Amino acid sequence: MNEFLQFLNEPIAQRSVWACATIGFANGFVSALVVLKRSSLQIGTLSCALLPGIALAILLFGFMQMSILIGAVMAAMLIGLGSLFVSRTSRLDHDTALSILHTTAFAAGYIILVRLGLQQKIDDWLFGSIMSMSDTDLVTAYVISAVAVLSITALKRPLLIYLFDAQVASTLGIPSRLFSYGIFALIILVLVSSLQAVGAFLTLGLLVAPAATVYLLTDKASWLFWGGGLIGGLGSLLAFCISFPLGWHLGATIILVLGAFFILAYIFSPKYGLLKRLIR
């Protein structure tokens with residue numbers, strides 16, 4: 001315990017605590033969009049589409065943080081929109097087209113990064129490393145988190161109407177198509193901001209589990225945002241406290257803790273829990 005308290009006095013530990021709280025809260029807040037839109041599998045696919053964008057950006061412009069950020073965002077958006085185009089111009093459904101494009105792009109990105117001698121960085125991008133986040137990574141995460149939370153808060157009412165019924169939203173004058181692209185872009189930005197923290201493979205858990213847990217506890221959709229944010233932030237901080245004494249990987253511990261919260265809600269939810277249904 002004393003060793004952990006001494007570690008908390010270190011600047012790297014304090015930076016990591018702030019990163020856990022901020023990224024966990026923002027992802028949990030945005031996870032409400034993913035759950036209400038029922039797009040978790042598509043978002044999981046797009047999270048792996050970040051790697052080829054990073055690879056291409058490094059290949060063309062060198063190892064610069066801004067080019068890596070832009071490359072990751074562009075790759076996810078191109079693969080997402082490209083899969084939609086393929087599904088509309090062929091016999092394939094959207095999920096099939098998305099699976100083909102993202103796995104092909106991921107394979108190409110992996111080969112490029114290995115050829116560039118960035119094997120260690122590949123591990124960080126795939127599984128995350130909060131401790132090694134640079135100042136640029138932290139600033140990017142803070143800015144994107146603030147933009148995401150403030151934007152959703154300001155537009156929560158029309159967002160909820162659109163998410164429940166896009167046709168009704170259109171009749172009320174809500175720009176449904178603009179909201180669709182806006183939600184997609186916002187989720188992609190949050191994915192990118194979490195890349196260095198929990199990695200492409202684990203970020204889906206951070207973007208789904210918090211709101212999914214709240215969804216089992218309440219019928220009020222508006223509670224998914226702040227409830228998801230609190231679970232994401234507190235779960236990330238708890239994972240930080242657990243991972244140090246146990247020597248566990250921090251990114252993986254965050255997802256493990258959030259998964260444990262979900263399982264507890266699934267079993268013990270007063271209204272929708274498994275235990276409640278078995279007792280009836």
# chains A, B, ... in the order shown; residues from 1 in each chain; ligands from 1
call {"tool": "residues_around", "arguments": {"residues": "Ser67 of chain A", "least_positions_apart": "4", "cutoff": "8 Å", "atoms": "only C-alpha atoms", "output": "list in words"}}
result
Ala57, Ile58, Phe61, Phe63 and Gly71 of chain A
call {"tool": "select_by_dssp", "arguments": {"residues": "segment 43-233 of chain A", "states": "helix (DSSP H, G or I)", "output": "PyMOL selection string"}}
result
chain A and resi 43-48+50-61+65-88+94-115+119-127+130-132+135-154+156-164+166-171+176-215+223-233
call {"tool": "residues_around", "arguments": {"residues": "Ser222 of chain A", "least_positions_apart": "4", "cutoff": "8 Å", "atoms": "only C-alpha atoms", "output": "mmCIF file with C-alpha atoms, in the first residue's frame"}}
result
data_model
loop_
_atom_site.group_PDB
_atom_site.id
_atom_site.type_symbol
_atom_site.label_atom_id
_atom_site.label_comp_id
_atom_site.auth_asym_id
_atom_site.auth_seq_id
_atom_site.Cartn_x
_atom_site.Cartn_y
_atom_site.Cartn_z
ATOM 1 C CA LYS A 156 -29.334 15.688 -26.271
ATOM 2 C CA LEU A 160 -32.676 11.137 -28.524
ATOM 3 C CA TRP A 226 -24.183 10.626 -17.442
#
call {"tool": "closest_residue", "arguments": {"among": "A:Gly109, A:Thr253, A:Leu224, A:Gly80", "to": "Ser236 of chain A", "atoms": "only C-alpha atoms"}}
result
A:Thr253
call {"tool": "closest_atom_pairs", "arguments": {"of": "segment 141-244 of chain A", "to": "segment 10-28 of chain A", "cutoff": "10 Å", "atoms": "only C-alpha atoms", "output": "tab-separated table"}}
result
residue	atom	partner	partner_atom	distance
A:Ala141	CA	A:Ile23	CA	6.7
A:Tyr142	CA	A:Thr22	CA	6.8
A:Ile144	CA	A:Ala26	CA	8.6
A:Ser145	CA	A:Ala26	CA	5.2
A:Ala146	CA	A:Ala26	CA	7.7
A:Val147	CA	A:Ala26	CA	9.5
A:Ala148	CA	A:Ala26	CA	7.1
A:Val149	CA	A:Ala26	CA	6.5
A:Ile187	CA	A:Asn27	CA	8.9
A:Val190	CA	A:Asn27	CA	6.8
A:Leu191	CA	A:Asn27	CA	8.2
A:Ser193	CA	A:Ile23	CA	7.8
A:Ser194	CA	A:Ile23	CA	6.6
A:Ala197	CA	A:Ala19	CA	8.0
A:Val198	CA	A:Ile23	CA	9.6
A:Thr203	CA	A:Asn27	CA	8.8
A:Leu204	CA	A:Asn27	CA	9.5
A:Gly205	CA	A:Asn27	CA	9.5
A:Leu206	CA	A:Asn27	CA	6.0
A:Leu207	CA	A:Asn27	CA	5.3
A:Val208	CA	A:Gly28	CA	7.5
A:Ala209	CA	A:Gly28	CA	7.7
A:Pro210	CA	A:Gly28	CA	5.1
A:Ala211	CA	A:Gly28	CA	6.3
A:Ala212	CA	A:Gly28	CA	9.5
A:Leu224	CA	A:Gly28	CA	8.7
A:Phe225	CA	A:Gly28	CA	7.2
A:Trp226	CA	A:Gly28	CA	8.0
A:Gly227	CA	A:Gly28	CA	7.9
A:Gly228	CA	A:Gly28	CA	4.4
A:Gly229	CA	A:Gly28	CA	4.1
A:Leu230	CA	A:Phe25	CA	6.0
A:Ile231	CA	A:Gly28	CA	6.7
A:Gly232	CA	A:Gly24	CA	4.4
A:Gly233	CA	A:Phe25	CA	4.2
A:Leu234	CA	A:Ala21	CA	7.0
A:Gly235	CA	A:Gly24	CA	7.5
A:Ser236	CA	A:Cys20	CA	5.3
A:Leu237	CA	A:Cys20	CA	6.0
A:Leu238	CA	A:Cys20	CA	9.4
A:Ala239	CA	A:Cys20	CA	8.8
A:Phe240	CA	A:Val17	CA	7.3
A:Cys241	CA	A:Val17	CA	9.3
call {"tool": "write_last_selection", "arguments": {"atoms": "N, CA and C atoms", "output": "short mmCIF file (atom, residue, chain, number, x, y, z; two decimals), in the first residue's frame"}}
result
data_model
loop_
_atom_site.label_atom_id
_atom_site.label_comp_id
_atom_site.auth_asym_id
_atom_site.auth_seq_id
_atom_site.Cartn_x
_atom_site.Cartn_y
_atom_site.Cartn_z
N ALA A 141 -6.71 13.87 -26.30
CA ALA A 141 -7.77 13.16 -25.57
C ALA A 141 -8.66 14.14 -24.80
N TYR A 142 -8.04 15.13 -24.14
CA TYR A 142 -8.82 16.09 -23.36
C TYR A 142 -9.72 16.94 -24.25
N ILE A 144 -10.84 16.31 -27.40
CA ILE A 144 -11.90 15.50 -28.02
C ILE A 144 -12.96 15.12 -26.99
N SER A 145 -12.52 14.78 -25.78
CA SER A 145 -13.47 14.42 -24.72
C SER A 145 -14.39 15.59 -24.41
N ALA A 146 -13.81 16.79 -24.29
CA ALA A 146 -14.62 17.98 -23.98
C ALA A 146 -15.61 18.27 -25.10
N VAL A 147 -15.14 18.20 -26.35
CA VAL A 147 -16.01 18.45 -27.50
C VAL A 147 -17.16 17.45 -27.55
N ALA A 148 -16.84 16.17 -27.31
CA ALA A 148 -17.86 15.12 -27.37
C ALA A 148 -18.93 15.32 -26.30
N VAL A 149 -18.50 15.54 -25.05
CA VAL A 149 -19.46 15.69 -23.95
C VAL A 149 -20.31 16.94 -24.12
N ILE A 187 -18.05 9.50 -32.82
CA ILE A 187 -17.60 8.21 -32.28
C ILE A 187 -16.20 7.88 -32.78
N VAL A 190 -13.65 9.89 -30.82
CA VAL A 190 -13.46 9.34 -29.47
C VAL A 190 -12.65 8.04 -29.53
N LEU A 191 -12.91 7.24 -30.55
CA LEU A 191 -12.10 6.02 -30.74
C LEU A 191 -10.62 6.37 -30.87
N SER A 193 -9.07 9.09 -29.89
CA SER A 193 -8.51 9.67 -28.66
C SER A 193 -8.20 8.60 -27.63
N SER A 194 -8.85 7.44 -27.74
CA SER A 194 -8.63 6.35 -26.78
C SER A 194 -7.59 5.35 -27.27
N ALA A 197 -4.52 4.91 -25.20
CA ALA A 197 -4.82 4.51 -23.82
C ALA A 197 -5.15 3.03 -23.70
N VAL A 198 -6.09 2.54 -24.50
CA VAL A 198 -6.52 1.14 -24.37
C VAL A 198 -6.32 0.32 -25.63
N THR A 203 -10.64 -0.88 -27.17
CA THR A 203 -11.42 0.35 -27.06
C THR A 203 -12.91 0.12 -27.22
N LEU A 204 -13.31 -0.94 -27.90
CA LEU A 204 -14.74 -1.23 -28.06
C LEU A 204 -15.40 -1.46 -26.71
N GLY A 205 -14.70 -2.14 -25.80
CA GLY A 205 -15.26 -2.37 -24.47
C GLY A 205 -15.53 -1.07 -23.74
N LEU A 206 -14.63 -0.12 -23.89
CA LEU A 206 -14.78 1.18 -23.23
C LEU A 206 -15.91 2.00 -23.87
N LEU A 207 -16.21 1.71 -25.13
CA LEU A 207 -17.25 2.46 -25.85
C LEU A 207 -18.61 1.77 -25.83
N VAL A 208 -18.73 0.64 -25.17
CA VAL A 208 -20.01 -0.07 -25.13
C VAL A 208 -20.42 -0.41 -23.70
N ALA A 209 -19.51 -0.97 -22.92
CA ALA A 209 -19.86 -1.53 -21.60
C ALA A 209 -20.50 -0.52 -20.64
N PRO A 210 -20.02 0.73 -20.52
CA PRO A 210 -20.62 1.63 -19.52
C PRO A 210 -22.11 1.87 -19.74
N ALA A 211 -22.50 2.29 -20.95
CA ALA A 211 -23.92 2.56 -21.21
C ALA A 211 -24.73 1.27 -21.22
N ALA A 212 -24.14 0.17 -21.68
CA ALA A 212 -24.84 -1.12 -21.65
C ALA A 212 -25.17 -1.52 -20.22
N LEU A 224 -28.46 7.22 -19.63
CA LEU A 224 -27.35 6.44 -20.19
C LEU A 224 -26.11 7.29 -20.37
N PHE A 225 -26.28 8.57 -20.66
CA PHE A 225 -25.13 9.44 -20.94
C PHE A 225 -24.31 9.69 -19.66
N TRP A 226 -24.93 10.32 -18.66
CA TRP A 226 -24.18 10.63 -17.44
C TRP A 226 -23.87 9.37 -16.63
N GLY A 227 -24.80 8.41 -16.64
CA GLY A 227 -24.53 7.15 -15.94
C GLY A 227 -23.38 6.40 -16.57
N GLY A 228 -23.37 6.35 -17.92
CA GLY A 228 -22.27 5.71 -18.62
C GLY A 228 -20.95 6.42 -18.36
N GLY A 229 -21.01 7.77 -18.32
CA GLY A 229 -19.79 8.53 -18.04
C GLY A 229 -19.23 8.24 -16.67
N LEU A 230 -20.11 8.18 -15.67
CA LEU A 230 -19.65 7.89 -14.30
C LEU A 230 -19.07 6.49 -14.19
N ILE A 231 -19.74 5.52 -14.80
CA ILE A 231 -19.23 4.15 -14.75
C ILE A 231 -17.89 4.05 -15.49
N GLY A 232 -17.79 4.70 -16.64
CA GLY A 232 -16.54 4.67 -17.40
C GLY A 232 -15.40 5.31 -16.64
N GLY A 233 -15.66 6.48 -16.02
CA GLY A 233 -14.61 7.17 -15.28
C GLY A 233 -14.21 6.46 -14.01
N LEU A 234 -15.21 6.07 -13.20
CA LEU A 234 -14.91 5.39 -11.93
C LEU A 234 -14.30 4.01 -12.17
N GLY A 235 -14.80 3.31 -13.20
CA GLY A 235 -14.24 1.99 -13.51
C GLY A 235 -12.78 2.09 -13.93
N SER A 236 -12.45 3.12 -14.70
CA SER A 236 -11.06 3.31 -15.14
C SER A 236 -10.15 3.63 -13.96
N LEU A 237 -10.64 4.46 -13.04
CA LEU A 237 -9.84 4.79 -11.85
C LEU A 237 -9.66 3.57 -10.95
N LEU A 238 -10.73 2.78 -10.80
CA LEU A 238 -10.61 1.56 -10.01
C LEU A 238 -9.60 0.59 -10.64
N ALA A 239 -9.63 0.50 -11.96
CA ALA A 239 -8.69 -0.36 -12.67
C ALA A 239 -7.25 0.11 -12.45
N PHE A 240 -7.05 1.42 -12.40
CA PHE A 240 -5.71 1.96 -12.14
C PHE A 240 -5.21 1.51 -10.77
N CYS A 241 -6.10 1.56 -9.77
CA CYS A 241 -5.72 1.16 -8.41
C CYS A 241 -5.45 -0.34 -8.31
#
call {"tool": "closest_residue", "arguments": {"among": "A:Gln167, A:Phe201, A:Arg38, A:Asp95", "to": "Leu50 of chain A", "atoms": "only C-alpha atoms"}}
result
A:Phe201
call {"tool": "closest_residue", "arguments": {"among": "A:Gln65, A:Ser83, A:Ser269, A:Gln6", "to": "Leu98 of chain A", "atoms": "only C-alpha atoms"}}
result
A:Ser83
call {"tool": "atom_distance", "arguments": {"atom1": "atom CA of Tyr110 of chain A", "atom2": "atom CA of Thr96 of chain A"}}
result
21.3 Å
call {"tool": "decode", "arguments": {"residues": "segment 62-90 of chain A", "atoms": "N, CA, C and O atoms", "output": "CSV table (one decimal), in the first residue's frame"}}
result
chain,number,residue,atom,x,y,z
A,62,GLY,N,6.1,10.4,-42.0
A,62,GLY,CA,6.9,10.2,-40.9
A,62,GLY,C,6.2,10.1,-39.6
A,62,GLY,O,5.0,10.2,-39.6
A,63,PHE,N,6.9,9.9,-38.5
A,63,PHE,CA,6.3,9.7,-37.2
A,63,PHE,C,6.0,11.0,-36.6
A,63,PHE,O,6.7,11.6,-35.7
A,64,MET,N,4.8,11.6,-37.0
A,64,MET,CA,4.3,12.9,-36.4
A,64,MET,C,3.0,12.6,-35.8
A,64,MET,O,2.1,12.0,-36.4
A,65,GLN,N,2.7,13.1,-34.6
A,65,GLN,CA,1.5,12.8,-33.9
A,65,GLN,C,0.3,13.3,-34.6
A,65,GLN,O,-0.7,12.6,-34.7
A,66,MET,N,0.4,14.5,-35.2
A,66,MET,CA,-0.8,15.1,-35.9
A,66,MET,C,-1.2,14.3,-37.1
A,66,MET,O,-2.3,14.0,-37.4
A,67,SER,N,-0.1,13.9,-37.9
A,67,SER,CA,-0.4,13.1,-39.1
A,67,SER,C,-1.0,11.7,-38.7
A,67,SER,O,-1.8,11.2,-39.4
A,68,ILE,N,-0.5,11.1,-37.6
A,68,ILE,CA,-1.0,9.8,-37.1
A,68,ILE,C,-2.5,10.0,-36.8
A,68,ILE,O,-3.3,9.1,-37.1
A,69,LEU,N,-2.8,11.1,-36.1
A,69,LEU,CA,-4.2,11.3,-35.7
A,69,LEU,C,-5.1,11.4,-36.9
A,69,LEU,O,-6.2,10.8,-37.0
A,70,ILE,N,-4.7,12.3,-37.9
A,70,ILE,CA,-5.5,12.5,-39.1
A,70,ILE,C,-5.6,11.2,-39.9
A,70,ILE,O,-6.7,10.9,-40.4
A,71,GLY,N,-4.5,10.5,-40.0
A,71,GLY,CA,-4.5,9.2,-40.7
A,71,GLY,C,-5.5,8.2,-40.1
A,71,GLY,O,-6.2,7.5,-40.9
A,72,ALA,N,-5.5,8.1,-38.8
A,72,ALA,CA,-6.4,7.1,-38.1
A,72,ALA,C,-7.9,7.5,-38.4
A,72,ALA,O,-8.7,6.7,-38.7
A,73,VAL,N,-8.2,8.8,-38.3
A,73,VAL,CA,-9.5,9.3,-38.5
A,73,VAL,C,-10.0,9.0,-39.9
A,73,VAL,O,-11.1,8.5,-40.2
A,74,MET,N,-9.1,9.4,-40.9
A,74,MET,CA,-9.5,9.2,-42.3
A,74,MET,C,-9.6,7.8,-42.6
A,74,MET,O,-10.6,7.4,-43.4
A,75,ALA,N,-8.8,6.9,-42.1
A,75,ALA,CA,-8.9,5.5,-42.4
A,75,ALA,C,-10.3,4.9,-41.9
A,75,ALA,O,-11.0,4.2,-42.7
A,76,ALA,N,-10.6,5.2,-40.7
A,76,ALA,CA,-11.9,4.7,-40.2
A,76,ALA,C,-13.1,5.3,-41.0
A,76,ALA,O,-14.0,4.5,-41.3
A,77,MET,N,-13.0,6.5,-41.3
A,77,MET,CA,-14.1,7.1,-42.1
A,77,MET,C,-14.2,6.5,-43.5
A,77,MET,O,-15.3,6.3,-44.0
A,78,LEU,N,-13.1,6.4,-44.1
A,78,LEU,CA,-13.1,5.9,-45.5
A,78,LEU,C,-13.6,4.4,-45.5
A,78,LEU,O,-14.3,4.0,-46.4
A,79,ILE,N,-13.1,3.6,-44.6
A,79,ILE,CA,-13.6,2.2,-44.5
A,79,ILE,C,-15.0,2.1,-44.2
A,79,ILE,O,-15.8,1.3,-44.8
A,80,GLY,N,-15.5,3.0,-43.3
A,80,GLY,CA,-16.9,3.0,-42.9
A,80,GLY,C,-17.8,3.4,-44.1
A,80,GLY,O,-18.8,2.7,-44.4
A,81,LEU,N,-17.4,4.5,-44.7
A,81,LEU,CA,-18.2,5.0,-45.9
A,81,LEU,C,-18.0,4.1,-47.1
A,81,LEU,O,-18.9,3.9,-47.9
A,82,GLY,N,-16.8,3.6,-47.2
A,82,GLY,CA,-16.5,2.7,-48.4
A,82,GLY,C,-17.4,1.4,-48.3
A,82,GLY,O,-17.9,0.9,-49.3
A,83,SER,N,-17.5,0.9,-47.1
A,83,SER,CA,-18.3,-0.3,-46.9
A,83,SER,C,-19.8,-0.1,-47.2
A,83,SER,O,-20.5,-0.9,-47.8
A,84,LEU,N,-20.2,1.1,-46.9
A,84,LEU,CA,-21.6,1.5,-47.2
A,84,LEU,C,-21.8,1.6,-48.7
A,84,LEU,O,-22.8,1.2,-49.2
A,85,PHE,N,-20.8,2.2,-49.4
A,85,PHE,CA,-20.9,2.3,-50.9
A,85,PHE,C,-20.9,0.9,-51.5
A,85,PHE,O,-21.7,0.7,-52.4
A,86,VAL,N,-20.0,0.0,-51.0
A,86,VAL,CA,-20.0,-1.3,-51.6
A,86,VAL,C,-21.3,-2.1,-51.4
A,86,VAL,O,-21.8,-2.7,-52.3
A,87,SER,N,-21.9,-1.9,-50.2
A,87,SER,CA,-23.1,-2.6,-50.0
A,87,SER,C,-24.3,-2.1,-50.8
A,87,SER,O,-25.2,-2.8,-51.2
A,88,ARG,N,-24.2,-0.8,-51.2
A,88,ARG,CA,-25.3,-0.2,-52.0
A,88,ARG,C,-25.1,-0.4,-53.5
A,88,ARG,O,-26.0,-0.2,-54.3
A,89,THR,N,-23.9,-0.9,-53.9
A,89,THR,CA,-23.6,-1.1,-55.3
A,89,THR,C,-23.3,-2.5,-55.6
A,89,THR,O,-22.7,-2.8,-56.7
A,90,SER,N,-23.6,-3.4,-54.7
A,90,SER,CA,-23.4,-4.9,-54.9
A,90,SER,C,-24.5,-5.7,-54.2
A,90,SER,O,-25.4,-5.1,-53.6
